>>> print(open('start-v2.csv').read())   # CSV, C-alpha atoms and all ligand atoms
chain,number,residue,atom,x,y,z
C,1,MET,CA,0.0,0.0,0.0
C,2,ILE,CA,1.2,3.5,-0.9
C,3,LYS,CA,0.7,6.3,1.5
C,4,PHE,CA,1.3,10.1,1.4
C,5,VAL,CA,1.8,11.8,4.8
C,6,ALA,CA,2.4,15.5,5.7
C,7,ASP,CA,2.4,17.4,8.9
C,8,SER,CA,-0.6,19.7,9.3
C,9,SER,CA,1.4,22.8,8.2
C,10,CYS,CA,0.6,21.6,4.7
C,11,ASP,CA,-2.9,23.1,5.2
C,12,ILE,CA,-4.9,20.1,4.1
C,13,HIS,CA,-6.5,17.3,6.1
C,14,THR,CA,-7.7,15.1,3.3
C,15,TYR,CA,-6.7,14.5,-0.3
C,16,LYS,CA,-9.4,13.4,-2.8
C,17,GLY,CA,-8.9,9.9,-4.0
C,18,ILE,CA,-5.5,9.5,-2.3
C,19,ASN,CA,-4.4,7.6,0.7
C,20,PHE,CA,-3.2,10.6,2.6
C,21,GLU,CA,-2.8,11.5,6.3
C,22,SER,CA,-2.2,14.8,7.9
C,23,VAL,CA,-0.2,14.5,11.1
C,24,PRO,CA,-1.2,17.3,13.5
C,25,ILE,CA,1.2,19.8,15.0
C,26,SER,CA,-0.3,21.2,18.2
C,27,ILE,CA,-0.7,24.7,19.4
C,28,SER,CA,-1.0,25.5,23.1
C,29,THR,CA,-1.5,28.2,25.7
C,30,SER,CA,-1.4,27.7,29.4
C,31,GLU,CA,-5.2,27.5,29.2
C,32,LYS,CA,-5.9,25.3,26.2
C,33,GLU,CA,-4.4,23.0,23.6
C,34,TYR,CA,-5.4,23.2,19.9
C,35,ILE,CA,-4.8,20.1,17.8
C,36,ASP,CA,-4.4,21.1,14.1
C,37,ASN,CA,-6.9,18.7,12.6
C,38,GLU,CA,-10.2,19.0,10.8
C,39,THR,CA,-12.1,19.6,14.0
C,40,LEU,CA,-10.1,22.7,14.9
C,41,ASN,CA,-12.2,25.9,15.0
C,42,LEU,CA,-9.7,28.2,13.5
C,43,SER,CA,-11.6,31.4,13.9
C,44,GLN,CA,-12.1,30.7,17.5
C,45,MET,CA,-8.5,29.9,18.0
C,46,LEU,CA,-7.4,33.2,16.4
C,47,SER,CA,-9.8,35.1,18.6
C,48,ASP,CA,-8.7,33.3,21.8
C,49,LEU,CA,-5.1,34.0,21.0
C,50,GLU,CA,-5.7,37.7,20.3
C,51,LYS,CA,-7.3,38.0,23.7
C,52,TYR,CA,-4.7,35.9,25.5
C,53,GLN,CA,-1.9,37.7,27.2
C,54,GLY,CA,0.4,34.9,28.2
C,55,LYS,CA,2.8,32.7,26.2
C,56,SER,CA,1.7,30.4,23.5
C,57,ASN,CA,3.6,27.7,21.7
C,58,THR,CA,3.6,25.0,19.1
C,59,ALA,CA,4.9,21.4,19.3
C,60,CYS,CA,6.0,19.0,16.6
C,61,PRO,CA,4.4,15.6,16.2
C,62,SER,CA,5.8,12.8,18.3
C,63,VAL,CA,7.8,9.9,16.7
C,64,GLU,CA,4.9,7.6,17.7
C,65,ARG,CA,2.4,9.7,15.9
C,66,TRP,CA,4.4,9.5,12.7
C,67,ILE,CA,4.7,5.7,13.0
C,68,GLN,CA,1.0,5.5,13.5
C,69,ALA,CA,0.5,7.3,10.2
C,70,PHE,CA,2.9,5.0,8.4
C,71,ASP,CA,1.3,1.9,9.8
C,72,GLY,CA,0.3,-0.7,7.2
C,73,ALA,CA,2.0,1.1,4.3
C,74,ASP,CA,4.9,-0.3,2.3
C,75,GLU,CA,5.7,2.8,0.3
C,76,VAL,CA,5.5,6.1,2.2
C,77,TYR,CA,6.1,9.7,1.0
C,78,VAL,CA,6.4,12.2,3.8
C,79,VAL,CA,6.6,16.0,3.4
C,80,THR,CA,7.5,18.1,6.5
C,81,ILE,CA,7.7,21.7,7.5
C,82,THR,CA,11.3,23.2,7.4
C,83,SER,CA,13.9,21.7,9.6
C,84,GLY,CA,15.2,25.2,10.0
C,85,LEU,CA,12.4,26.2,12.3
C,86,SER,CA,10.9,23.0,13.6
C,87,GLY,CA,11.8,19.6,15.0
C,88,THR,CA,9.1,18.0,12.8
C,89,TYR,CA,11.5,16.8,10.1
C,90,ASN,CA,13.8,15.1,12.7
C,91,SER,CA,10.9,13.4,14.5
C,92,ALA,CA,9.7,12.0,11.1
C,93,LEU,CA,13.3,10.8,10.3
C,94,VAL,CA,13.5,8.9,13.7
C,95,ALA,CA,10.0,7.5,13.0
C,96,LYS,CA,11.2,6.3,9.5
C,97,GLU,CA,14.2,4.5,11.1
C,98,MET,CA,12.0,2.8,13.7
C,99,TYR,CA,9.4,1.8,11.1
C,100,LEU,CA,12.0,0.4,8.8
C,101,ALA,CA,13.5,-1.6,11.6
C,102,GLU,CA,10.1,-3.3,12.1
C,103,HIS,CA,9.3,-3.5,8.3
C,104,PRO,CA,12.6,-4.0,6.5
C,105,GLU,CA,10.8,-4.4,3.2
C,106,ALA,CA,9.1,-1.0,3.3
C,107,LYS,CA,10.3,2.2,1.7
C,108,VAL,CA,9.9,5.5,3.4
C,109,HIS,CA,11.2,8.9,2.2
C,110,VAL,CA,11.0,12.1,4.2
C,111,PHE,CA,11.2,15.4,2.3
C,112,ASP,CA,12.4,18.4,4.3
C,113,SER,CA,10.5,21.1,2.5
C,114,LEU,CA,12.7,23.9,3.9
C,115,SER,CA,9.4,25.7,3.7
C,116,THR,CA,5.8,25.2,4.7
C,117,GLY,CA,2.2,25.5,3.7
C,118,PRO,CA,1.6,25.8,-0.1
C,119,GLU,CA,5.1,24.9,-1.1
C,120,MET,CA,4.7,21.6,0.8
C,121,ARG,CA,1.3,21.0,-0.9
C,122,MET,CA,2.9,21.6,-4.3
C,123,ALA,CA,5.6,19.0,-3.6
C,124,LEU,CA,2.9,16.6,-2.4
C,125,ASP,CA,0.8,17.1,-5.5
C,126,TYR,CA,3.8,16.6,-7.6
C,127,ALA,CA,4.7,13.3,-6.0
C,128,VAL,CA,1.1,12.1,-6.2
C,129,ASN,CA,1.1,12.9,-9.9
C,130,LEU,CA,4.3,11.0,-10.5
C,131,LYS,CA,2.9,7.9,-8.8
C,132,GLU,CA,-0.2,8.2,-10.8
C,133,LYS,CA,2.0,8.1,-13.9
C,134,GLY,CA,3.7,5.0,-12.7
C,135,TYR,CA,7.1,6.2,-11.6
C,136,SER,CA,9.1,4.1,-9.2
C,137,PHE,CA,9.8,5.0,-5.5
C,138,GLU,CA,13.3,6.1,-6.4
C,139,GLU,CA,12.3,8.1,-9.4
C,140,THR,CA,9.5,9.8,-7.5
C,141,CYS,CA,11.8,10.8,-4.7
C,142,ALA,CA,14.5,12.2,-7.0
C,143,MET,CA,12.1,14.1,-9.2
C,144,THR,CA,10.0,15.5,-6.3
C,145,GLN,CA,13.2,16.7,-4.6
C,146,LYS,CA,14.3,18.4,-7.8
C,147,TYR,CA,10.9,20.1,-8.1
C,148,LEU,CA,11.1,21.2,-4.4
C,149,ASP,CA,14.5,22.8,-5.2
C,150,ASP,CA,12.8,24.9,-7.9
C,151,THR,CA,9.8,26.1,-6.0
C,152,HIS,CA,9.6,29.0,-3.5
C,153,LEU,CA,7.5,30.4,-0.8
C,154,LEU,CA,6.6,34.0,-0.3
C,155,PHE,CA,4.6,35.2,2.6
C,156,VAL,CA,2.9,38.2,4.1
C,157,LEU,CA,2.5,38.1,7.8
C,158,GLY,CA,-0.6,39.6,9.5
C,159,SER,CA,1.6,40.2,12.6
C,160,VAL,CA,4.9,38.8,13.9
C,161,HIS,CA,3.7,38.5,17.4
C,162,ASN,CA,3.6,34.7,17.7
C,163,LEU,CA,6.8,34.2,15.6
C,164,ALA,CA,8.8,36.6,17.8
C,165,GLN,CA,7.4,35.3,21.0
C,166,ASN,CA,8.6,31.8,20.1
C,167,GLY,CA,12.0,33.1,19.1
C,168,ARG,CA,11.5,32.3,15.4
C,169,VAL,CA,12.1,35.8,14.1
C,170,SER,CA,14.4,38.2,16.0
C,171,LYS,CA,12.9,40.7,18.4
C,172,VAL,CA,14.5,43.4,16.3
C,173,ILE,CA,12.5,42.5,13.2
C,174,ALA,CA,9.5,42.2,15.4
C,175,SER,CA,9.7,45.6,16.9
C,176,ALA,CA,10.6,47.2,13.5
C,177,ILE,CA,7.4,45.7,12.1
C,178,GLY,CA,5.3,46.0,15.2
C,179,VAL,CA,3.8,49.3,14.1
C,180,LEU,CA,0.1,48.7,13.4
C,181,LYS,CA,-0.9,47.7,9.9
C,182,ILE,CA,2.6,47.2,8.5
C,183,ASN,CA,3.0,43.7,7.1
C,184,LEU,CA,6.2,41.9,6.9
C,185,ILE,CA,6.9,40.3,3.5
C,186,GLY,CA,9.3,37.4,3.5
C,187,ILE,CA,10.6,34.4,1.6
C,188,ALA,CA,11.7,30.9,2.8
C,189,ASP,CA,15.5,31.1,2.3
C,190,GLU,CA,17.9,28.3,1.4
C,191,ALA,CA,18.3,27.3,5.0
C,192,GLY,CA,14.6,27.0,5.4
C,193,THR,CA,14.3,30.1,7.6
C,194,ILE,CA,12.5,33.3,7.4
C,195,LYS,CA,14.2,36.1,5.3
C,196,GLN,CA,12.5,39.4,5.4
C,197,ILE,CA,12.5,40.9,1.9
C,198,GLY,CA,10.1,43.8,2.3
C,199,LYS,CA,7.3,45.4,4.2
C,200,ALA,CA,4.1,47.1,3.0
C,201,ARG,CA,1.0,48.7,4.3
C,202,GLY,CA,-2.3,48.2,2.6
C,203,GLU,CA,-3.5,45.7,0.0
C,204,LYS,CA,-2.4,47.6,-3.1
C,205,ARG,CA,1.2,48.0,-1.9
C,206,ILE,CA,1.3,44.4,-0.7
C,207,ILE,CA,0.3,43.2,-4.2
C,208,SER,CA,2.7,45.4,-6.0
C,209,ASN,CA,5.5,44.3,-3.7
C,210,LEU,CA,4.6,40.6,-4.3
C,211,MET,CA,4.4,41.0,-8.0
C,212,GLY,CA,8.0,42.4,-7.9
C,213,GLN,CA,9.1,39.5,-5.7
C,214,LEU,CA,7.6,37.0,-8.1
C,215,LYS,CA,9.6,38.4,-11.0
C,216,THR,CA,12.8,38.7,-9.0
C,217,TYR,CA,12.5,35.0,-7.9
C,218,GLY,CA,12.0,33.8,-11.4
C,219,TYR,CA,8.3,33.2,-11.7
C,220,GLN,CA,7.3,32.6,-15.3
C,221,GLY,CA,3.6,32.0,-15.2
C,222,GLY,CA,3.4,28.5,-13.7
C,223,ARG,CA,1.5,27.1,-10.8
C,224,VAL,CA,0.7,29.3,-7.7
C,225,CYS,CA,-0.9,28.0,-4.5
C,226,ILE,CA,-1.9,30.5,-1.8
C,227,SER,CA,-3.2,29.7,1.7
C,228,HIS,CA,-4.7,32.6,3.6
C,229,VAL,CA,-5.7,33.4,7.1
C,230,GLU,CA,-9.2,34.9,6.7
C,231,ASN,CA,-8.1,37.0,3.8
C,232,GLU,CA,-9.8,35.8,0.7
C,233,SER,CA,-10.0,39.4,-0.6
C,234,LEU,CA,-6.2,39.6,-0.8
C,235,CYS,CA,-6.1,36.3,-2.7
C,236,LYS,CA,-8.7,37.4,-5.2
C,237,ALA,CA,-6.9,40.7,-5.9
C,238,LEU,CA,-3.6,38.9,-6.2
C,239,GLN,CA,-5.0,36.4,-8.5
C,240,SER,CA,-6.2,39.2,-10.8
C,241,ALA,CA,-2.8,40.9,-10.7
C,242,ILE,CA,-1.0,37.7,-11.5
C,243,LEU,CA,-3.4,36.8,-14.4
C,244,ALA,CA,-3.0,40.3,-15.8
C,245,SER,CA,0.8,39.7,-16.2
C,246,TYR,CA,0.7,35.9,-16.7
C,247,PRO,CA,-2.5,35.0,-18.4
C,248,ASP,CA,-1.8,31.2,-18.3
C,249,ALA,CA,-1.0,31.1,-14.7
C,250,ASP,CA,-2.6,28.2,-12.7
C,251,ILE,CA,-3.6,29.7,-9.4
C,252,ILE,CA,-5.5,28.2,-6.5
C,253,TYR,CA,-6.2,29.6,-3.0
C,254,TYR,CA,-7.7,28.2,0.2
C,255,PRO,CA,-7.8,28.7,3.9
C,256,ALA,CA,-4.6,28.0,5.8
C,257,GLY,CA,-4.6,25.3,8.5
C,258,GLY,CA,-4.0,25.9,12.2
C,259,LEU,CA,-0.3,26.0,12.3
C,260,CYS,CA,0.2,28.4,9.4
C,261,SER,CA,-2.7,30.5,10.7
C,262,PHE,CA,-1.0,30.7,14.1
C,263,TYR,CA,2.3,32.0,12.7
C,264,ALA,CA,1.1,34.0,9.7
C,265,GLU,CA,-1.7,35.4,11.8
C,266,ARG,CA,-5.0,36.9,10.8
C,267,GLY,CA,-4.8,38.6,7.4
C,268,GLY,CA,-1.6,36.8,6.4
C,269,ILE,CA,-1.0,34.7,3.3
C,270,LEU,CA,1.5,32.1,2.2
C,271,LEU,CA,2.2,31.8,-1.5
C,272,GLY,CA,4.0,28.9,-3.1
C,273,PHE,CA,5.2,29.2,-6.8
C,274,GLU,CA,7.2,27.4,-9.4
A,301,LIG,O1,7.8,22.5,15.7
A,301,LIG,C1,6.9,23.4,15.8
A,301,LIG,O2,6.5,23.8,16.9
A,301,LIG,C2,6.4,24.1,14.6
A,301,LIG,C3,7.2,25.4,14.4
A,301,LIG,C4,6.9,26.1,13.1
A,301,LIG,C5,7.6,27.4,13.0
A,301,LIG,C6,7.4,28.3,11.8
A,301,LIG,C7,6.1,28.2,11.1
A,301,LIG,C8,5.9,29.3,10.1
A,301,LIG,C9,4.5,29.3,9.5
A,301,LIG,C10,5.0,31.6,8.7
A,301,LIG,C11,5.6,32.2,7.6
A,301,LIG,C12,6.3,31.2,6.6
A,301,LIG,C13,7.7,30.8,7.1
A,301,LIG,C14,8.5,30.2,6.1
A,301,LIG,C15,9.5,29.2,6.6
A,301,LIG,C16,10.7,28.9,5.9
A,301,LIG,C17,4.2,30.4,8.6
>>> encode(input="start-v2.csv", output="structure tokens", more="lines below")
Ligand code: X90
Amino acid sequence: MIKFVADSSCDIHTYKGINFESVPISISTSEKEYIDNETLNLSQMLSDLEKYQGKSNTACPSVERWIQAFDGADEVYVVTITSGLSGTYNSALVAKEMYLAEHPEAKVHVFDSLSTGPEMRMALDYAVNLKEKGYSFEETCAMTQKYLDDTHLLFVLGSVHNLAQNGRVSKVIASAIGVLKINLIGIADEAGTIKQIGKARGEKRIISNLMGQLKTYGYQGGRVCISHVENESLCKALQSAILASYPDADIIYYPAGGLCSFYAERGGILLGFE
């Protein structure tokens, strides 16, 4: 049996017609724990966190939880959030070793996306497509890795409060950006960490900045996947702007899952592109 697995920062819980499992990352405050699965009430979580004054945190899936997701499969493709910001990739690798020790005939590959959200989803879609075309395990791994090397992730953060609080962006960046209504624009860099490449205020300026970034990073009209935190309006406007310059672009957008919503925050978007 073939199985595709990703941690929940991939933003999807199910995959039509595919044996897929999302392994939840958890988000917690001293009052409550939020499991990033299909039962999570996102809007409620965001509101709770906006009101909450104390520390909040996230935790990567346990090794056992990964093994549970692999169970019964003899060919497993796993895509994780960047190892540059999370222990998720490492826990998946440990799980792989343990699973293979029990099932020596199985094949498991773990991709470190060095990214998150839509770029993970694009890699996943790519691997699914290769398997549907009949490629072998080895071919699928090599070709998907190559694809991942050529895709990128841009993001606009609604706020940097949660990232700064958890030490994932510097306090200096956070205070520079902390001014109300200024959004940090960033890219997942080669080490899989956050690189600030701009800041903008207001939808028009955000869009014009992103259009410039797309060009700078070599976008030529291919696939674009956008996940958003309660900001469909920005996605629609961005879609029109992209289509105006690249009429054949293939663009989809959808709500972000719990983990990306927690860090990108209300109003934020993550944009993966080829
Ligand atoms: O292990 C854990 O607790 C999960 C930690 C995840 C930390 C970062 C998540 C970032 C989510 C924010 C903008 C995109 C960042 C791009 C990364 C290279 C979304």
>>> residues_near_ligand(input="start-v2.csv", ligand="ligand LIG 301 (chain A)", cutoff="9 Å", atoms="all atoms listed in the file", output="mmCIF file with C-alpha atoms, in the frame of the given file")
data_model
loop_
_atom_site.group_PDB
_atom_site.id
_atom_site.type_symbol
_atom_site.label_atom_id
_atom_site.label_comp_id
_atom_site.auth_asym_id
_atom_site.auth_seq_id
_atom_site.Cartn_x
_atom_site.Cartn_y
_atom_site.Cartn_z
ATOM 1 C CA SER C 9 1.400 22.800 8.200
ATOM 2 C CA ILE C 25 1.200 19.800 15.000
ATOM 3 C CA SER C 26 -0.300 21.200 18.200
ATOM 4 C CA ILE C 27 -0.700 24.700 19.400
ATOM 5 C CA ASN C 57 3.600 27.700 21.700
ATOM 6 C CA THR C 58 3.600 25.000 19.100
ATOM 7 C CA ALA C 59 4.900 21.400 19.300
ATOM 8 C CA CYS C 60 6.000 19.000 16.600
ATOM 9 C CA PRO C 61 4.400 15.600 16.200
ATOM 10 C CA ILE C 81 7.700 21.700 7.500
ATOM 11 C CA THR C 82 11.300 23.200 7.400
ATOM 12 C CA SER C 83 13.900 21.700 9.600
ATOM 13 C CA GLY C 84 15.200 25.200 10.000
ATOM 14 C CA LEU C 85 12.400 26.200 12.300
ATOM 15 C CA SER C 86 10.900 23.000 13.600
ATOM 16 C CA GLY C 87 11.800 19.600 15.000
ATOM 17 C CA THR C 88 9.100 18.000 12.800
ATOM 18 C CA TYR C 89 11.500 16.800 10.100
ATOM 19 C CA SER C 113 10.500 21.100 2.500
ATOM 20 C CA LEU C 114 12.700 23.900 3.900
ATOM 21 C CA SER C 115 9.400 25.700 3.700
ATOM 22 C CA THR C 116 5.800 25.200 4.700
ATOM 23 C CA GLY C 117 2.200 25.500 3.700
ATOM 24 C CA LEU C 153 7.500 30.400 -0.800
ATOM 25 C CA LEU C 154 6.600 34.000 -0.300
ATOM 26 C CA PHE C 155 4.600 35.200 2.600
ATOM 27 C CA VAL C 156 2.900 38.200 4.100
ATOM 28 C CA LEU C 157 2.500 38.100 7.800
ATOM 29 C CA VAL C 160 4.900 38.800 13.900
ATOM 30 C CA LEU C 163 6.800 34.200 15.600
ATOM 31 C CA ASN C 166 8.600 31.800 20.100
ATOM 32 C CA ARG C 168 11.500 32.300 15.400
ATOM 33 C CA GLY C 186 9.300 37.400 3.500
ATOM 34 C CA ILE C 187 10.600 34.400 1.600
ATOM 35 C CA ALA C 188 11.700 30.900 2.800
ATOM 36 C CA ASP C 189 15.500 31.100 2.300
ATOM 37 C CA GLU C 190 17.900 28.300 1.400
ATOM 38 C CA ALA C 191 18.300 27.300 5.000
ATOM 39 C CA GLY C 192 14.600 27.000 5.400
ATOM 40 C CA THR C 193 14.300 30.100 7.600
ATOM 41 C CA ILE C 194 12.500 33.300 7.400
ATOM 42 C CA LYS C 195 14.200 36.100 5.300
ATOM 43 C CA LEU C 259 -0.300 26.000 12.300
ATOM 44 C CA CYS C 260 0.200 28.400 9.400
ATOM 45 C CA SER C 261 -2.700 30.500 10.700
ATOM 46 C CA PHE C 262 -1.000 30.700 14.100
ATOM 47 C CA TYR C 263 2.300 32.000 12.700
ATOM 48 C CA ALA C 264 1.100 34.000 9.700
ATOM 49 C CA GLU C 265 -1.700 35.400 11.800
ATOM 50 C CA GLY C 268 -1.600 36.800 6.400
ATOM 51 C CA ILE C 269 -1.000 34.700 3.300
ATOM 52 C CA LEU C 270 1.500 32.100 2.200
#
>>> atom_distance(input="start-v2.csv", atom1="CA of Lys131 in chain C", atom2="CA of Asn90 in chain C")
25.2 Å
>>> atom_distance(input="start-v2.csv", atom1="CA of Ile185 in chain C", atom2="CA of Gly218 in chain C")
17.0 Å
>>> atom_distance(input="start-v2.csv", atom1="CA of Pro24 in chain C", atom2="CA of Asp11 in chain C")
10.3 Å
>>> closest_residue(input="start-v2.csv", among="C:Lys3, C:Lys16, C:His152, C:Lys236", to="Gly222 in chain C", atoms="only C-alpha atoms")
C:His152
>>> residues_around(input="start-v2.csv", residues="Gln239 in chain C", least_positions_apart="6", cutoff="9 Å", atoms="all atoms listed in the file", output="number ranges by chain")
C: 251-253
>>> closest_residue(input="start-v2.csv", among="C:Lys215, C:Lys32, C:Gln68, C:Glu274", to="Leu148 in chain C", atoms="only C-alpha atoms")
C:Glu274
>>> closest_residue(input="start-v2.csv", among="C:Arg266, C:Arg121, C:Glu75, C:Ala127", to="His103 in chain C", atoms="all atoms listed in the file")
C:Glu75
>>> closest_residue(input="start-v2.csv", among="C:Tyr52, C:His228, C:Ala200, C:Tyr246", to="Leu214 in chain C", atoms="all atoms listed in the file")
C:Tyr246
>>> closest_residue(input="start-v2.csv", among="C:Met120, C:Leu234, C:Val224, C:Ala101", to="Asp250 in chain C", atoms="all atoms listed in the file")
C:Val224
>>> closest_residue(input="start-v2.csv", among="C:Lys199, C:Arg223, C:Arg65, C:His13", to="Leu271 in chain C", atoms="all atoms listed in the file")
C:Arg223
>>> residues_near_point(input="start-v2.csv", point="(3.3, 6.8, 6.1)", cutoff="9 Å", atoms="only C-alpha atoms", output="list of chain:residue names")
C:Ile2, C:Lys3, C:Phe4, C:Val5, C:Ala6, C:Phe20, C:Glu21, C:Trp66, C:Ile67, C:Gln68, C:Ala69, C:Phe70, C:Asp71, C:Gly72, C:Ala73, C:Asp74, C:Glu75, C:Val76, C:Tyr77, C:Val78, C:Lys96, C:Val108
>>> decode(input="start-v2.csv", residues="range 38-108 of chain C", atoms="C-alpha atoms", output="compact mmCIF listing (two decimals), in the first residue's frame")
# COMPACT_ATOMS: atom_id res chain seq x y z
CA GLU C 38 -10.25 18.98 10.76
CA THR C 39 -12.14 19.60 13.99
CA LEU C 40 -10.12 22.71 14.89
CA ASN C 41 -12.22 25.86 15.05
CA LEU C 42 -9.72 28.23 13.47
CA SER C 43 -11.59 31.44 13.87
CA GLN C 44 -12.15 30.68 17.55
CA MET C 45 -8.47 29.85 18.03
CA LEU C 46 -7.38 33.15 16.45
CA SER C 47 -9.80 35.11 18.60
CA ASP C 48 -8.73 33.26 21.76
CA LEU C 49 -5.10 34.03 21.00
CA GLU C 50 -5.73 37.68 20.30
CA LYS C 51 -7.29 38.02 23.73
CA TYR C 52 -4.71 35.87 25.48
CA GLN C 53 -1.86 37.74 27.19
CA GLY C 54 0.45 34.87 28.17
CA LYS C 55 2.84 32.68 26.21
CA SER C 56 1.65 30.37 23.47
CA ASN C 57 3.63 27.69 21.74
CA THR C 58 3.61 24.97 19.11
CA ALA C 59 4.93 21.42 19.29
CA CYS C 60 6.01 19.05 16.55
CA PRO C 61 4.39 15.61 16.19
CA SER C 62 5.82 12.80 18.29
CA VAL C 63 7.76 9.94 16.72
CA GLU C 64 4.92 7.60 17.73
CA ARG C 65 2.36 9.72 15.92
CA TRP C 66 4.37 9.50 12.69
CA ILE C 67 4.73 5.73 13.04
CA GLN C 68 0.98 5.48 13.54
CA ALA C 69 0.51 7.32 10.21
CA PHE C 70 2.94 4.98 8.41
CA ASP C 71 1.28 1.86 9.80
CA GLY C 72 0.35 -0.73 7.19
CA ALA C 73 2.02 1.09 4.29
CA ASP C 74 4.94 -0.32 2.33
CA GLU C 75 5.70 2.81 0.33
CA VAL C 76 5.48 6.10 2.21
CA TYR C 77 6.14 9.65 1.03
CA VAL C 78 6.39 12.19 3.82
CA VAL C 79 6.61 15.97 3.44
CA THR C 80 7.49 18.09 6.48
CA ILE C 81 7.75 21.71 7.48
CA THR C 82 11.27 23.19 7.35
CA SER C 83 13.90 21.67 9.64
CA GLY C 84 15.21 25.23 9.99
CA LEU C 85 12.35 26.20 12.31
CA SER C 86 10.86 22.98 13.64
CA GLY C 87 11.78 19.57 15.03
CA THR C 88 9.10 17.99 12.81
CA TYR C 89 11.50 16.76 10.12
CA ASN C 90 13.75 15.14 12.72
CA SER C 91 10.92 13.38 14.46
CA ALA C 92 9.74 12.04 11.08
CA LEU C 93 13.27 10.76 10.33
CA VAL C 94 13.46 8.94 13.66
CA ALA C 95 10.03 7.46 12.96
CA LYS C 96 11.23 6.31 9.54
CA GLU C 97 14.21 4.47 11.06
CA MET C 98 12.02 2.78 13.66
CA TYR C 99 9.40 1.84 11.10
CA LEU C 100 12.01 0.37 8.75
CA ALA C 101 13.51 -1.64 11.62
CA GLU C 102 10.11 -3.28 12.07
CA HIS C 103 9.29 -3.46 8.34
CA PRO C 104 12.58 -3.99 6.49
CA GLU C 105 10.77 -4.44 3.15
CA ALA C 106 9.05 -1.04 3.33
CA LYS C 107 10.26 2.16 1.65
CA VAL C 108 9.93 5.52 3.37
